[in-house]
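Reviewing the structure listed below.
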Amino acid sequence: MTNIRRIVVLISGSGTNLQALIDAQNTPLLPNTQITLVLSNRKAAYGLTRAQHAIPPIPTAYLALQPYLKANPGKTRDDYDAEVAKIVLKESPDLVVLAGWMHVFGDGFLDLLYGVKTDTDSSVSRRPIPVINLHPALPGAFDGTNAIERAYEAFQKGEIKYSGVMVHKVVKAVDRGEPLIVREVLIEAGEPLDKAYLT
């Protein structure tokens, strides 16, 4: 019997990248895989609906920073990150994918996932779990939020001829982890922003 690789996906928005992962499960693109949880930090994220309508439905969870801090006086952003890590680790994933996750993780998440720090909760895994992120820019270009918009603006000013996308390992420095997949994306003159990355 083939072992199924378990994937947890973290999202914040519409879930277009999540949908691509859902569609690729158990195909030659992602053989022997199962998305076991989709977690969002935005309650209205359409990606949660995508997960619920998958066949079979994918379990979902929601945990946002500000409501967490309000409900837990004295807790910090690092405590929130650790709580997200605990939710993820309860799934015993083989891989965590940040697919449009709009929250920068600090030590509380990464140290638990990478096994640098352990937790006394027995449900928390002790083995390092790889965490990857999809970022709509080439390595070293347009790190952080609004990368597509900033690349498009740079193209309009003649500063670049193309942009790109990458999948990279997640490290504490935003969008600076080792690139695993890099693809250039041409931007055509006169192409509107909403079409720039659709090729």
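Each chain in the structure tokens gets a letter, A, B and so on, in the order shown; residues start at 1 in every chain, and ligands are counted from 1 in the order they appear.
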With only C-alpha atoms counted and 8 Å as the cut-off, give the residues of segment 95-188 of chain A in contact with segment 81-87 of chain A, each with its shortest interatomic distance in Å and the pair that gives it, as JSON lines.
```
{"residue": "A:Phe105", "atom": "CA", "partner": "A:Asp81", "partner_atom": "CA", "distance": 6.3}
{"residue": "A:Gly106", "atom": "CA", "partner": "A:Asp81", "partner_atom": "CA", "distance": 6.8}
{"residue": "A:Asp107", "atom": "CA", "partner": "A:Asp81", "partner_atom": "CA", "distance": 7.7}
{"residue": "A:Gly108", "atom": "CA", "partner": "A:Ala82", "partner_atom": "CA", "distance": 4.4}
{"residue": "A:Phe109", "atom": "CA", "partner": "A:Asp81", "partner_atom": "CA", "distance": 4.7}
{"residue": "A:Leu110", "atom": "CA", "partner": "A:Ala85", "partner_atom": "CA", "distance": 7.9}
{"residue": "A:Leu112", "atom": "CA", "partner": "A:Ala85", "partner_atom": "CA", "distance": 6.6}
{"residue": "A:Leu113", "atom": "CA", "partner": "A:Ala85", "partner_atom": "CA", "distance": 6.6}
{"residue": "A:Ser123", "atom": "CA", "partner": "A:Lys86", "partner_atom": "CA", "distance": 7.7}
{"residue": "A:Val124", "atom": "CA", "partner": "A:Lys86", "partner_atom": "CA", "distance": 6.0}
```
What does the file look like for those residues with N, CA and C atoms, as a PDB file, in the first residue's frame?
```
ATOM      1  N   PHE A 105       4.764  34.787   9.624  1.00  0.00           N
ATOM      2  CA  PHE A 105       4.997  33.986  10.818  1.00  0.00           C
ATOM      3  C   PHE A 105       6.324  34.342  11.465  1.00  0.00           C
ATOM      4  N   GLY A 106       6.316  34.280  12.784  1.00  0.00           N
ATOM      5  CA  GLY A 106       7.539  34.469  13.549  1.00  0.00           C
ATOM      6  C   GLY A 106       7.970  33.158  14.175  1.00  0.00           C
ATOM      7  N   ASP A 107       8.756  33.273  15.233  1.00  0.00           N
ATOM      8  CA  ASP A 107       9.324  32.106  15.903  1.00  0.00           C
ATOM      9  C   ASP A 107       8.265  31.133  16.409  1.00  0.00           C
ATOM     10  N   GLY A 108       7.137  31.651  16.879  1.00  0.00           N
ATOM     11  CA  GLY A 108       6.112  30.794  17.470  1.00  0.00           C
ATOM     12  C   GLY A 108       5.625  29.705  16.536  1.00  0.00           C
ATOM     13  N   PHE A 109       5.571  29.982  15.243  1.00  0.00           N
ATOM     14  CA  PHE A 109       5.141  28.999  14.251  1.00  0.00           C
ATOM     15  C   PHE A 109       6.323  28.200  13.727  1.00  0.00           C
ATOM     16  N   LEU A 110       7.304  28.910  13.216  1.00  0.00           N
ATOM     17  CA  LEU A 110       8.403  28.238  12.518  1.00  0.00           C
ATOM     18  C   LEU A 110       9.222  27.339  13.431  1.00  0.00           C
ATOM     19  N   LEU A 112       8.234  25.661  16.035  1.00  0.00           N
ATOM     20  CA  LEU A 112       7.498  24.424  16.302  1.00  0.00           C
ATOM     21  C   LEU A 112       7.458  23.522  15.073  1.00  0.00           C
ATOM     22  N   LEU A 113       7.239  24.104  13.898  1.00  0.00           N
ATOM     23  CA  LEU A 113       7.160  23.292  12.679  1.00  0.00           C
ATOM     24  C   LEU A 113       8.509  22.683  12.327  1.00  0.00           C
ATOM     25  N   SER A 123      -0.043  16.320  21.400  1.00  0.00           N
ATOM     26  CA  SER A 123      -0.561  16.280  20.030  1.00  0.00           C
ATOM     27  C   SER A 123       0.370  16.985  19.050  1.00  0.00           C
ATOM     28  N   VAL A 124       1.394  17.631  19.562  1.00  0.00           N
ATOM     29  CA  VAL A 124       2.310  18.369  18.702  1.00  0.00           C
ATOM     30  C   VAL A 124       3.448  17.464  18.247  1.00  0.00           C
TER      31      VAL A 124
END
```
Sorted per-residue table, segment 162-197 of chain A near segment 139-149 of chain A, closest atoms and distance, 7 Å, only C-alpha atoms, as a tab-separated table:
```
residue	atom	partner	partner_atom	distance
A:Val174	CA	A:Gly144	CA	6.2
A:Asp175	CA	A:Asp143	CA	5.5
A:Arg176	CA	A:Gly140	CA	6.9
A:Pro179	CA	A:Pro139	CA	6.9
```
Which neighbours of segment 38-49 of chain A fall inside 8 Å, counting only C-alpha atoms, when residues of the same chain fewer than 6 positions from it are skipped, and could you give them as an MDAnalysis selection string?
-> chainID A and resid 8:16 18:19 58:65 101
DSSP-assigned helix (DSSP H, G or I) members of segment 11-113 of chain A, reported as a PyMOL selection string | chain A and resi 16-24+46-52+65-71+77-89+107-113
Identify, with DSSP run on backbone atoms, the residues in segment 34-197 of chain A assigned to strand (DSSP E or B), and express the list as JSON, numbers by chain.
-> {"A": [34, 35, 36, 37, 38, 39, 40, 60, 61, 62, 95, 96, 97, 98, 131, 132, 133, 134, 135, 162, 163, 164, 165, 166, 167, 168, 169, 179, 180, 181, 182, 183, 184, 185, 186]}
Two-atom distance - atom CA of Val97 of chain A, atom CA of Val131 of chain A (Å) = 5.9 Å
For segment 156-164 of chain A: contacts at 8 Å, only C-alpha atoms, fewer than 3 positions along chain excluded, given as a PyMOL selection string | chain A and resi 136-138+151-153+182-187
So how many Å separate atom CA of Asn133 of chain A and atom CA of His168 of chain A, to one decimal?
-> 5.5 Å
To one decimal in Å, tell me the separation between atom CA of Ile132 of chain A and atom CA of Val104 of chain A.
->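 Interatomic distance here is 12.8 Å.
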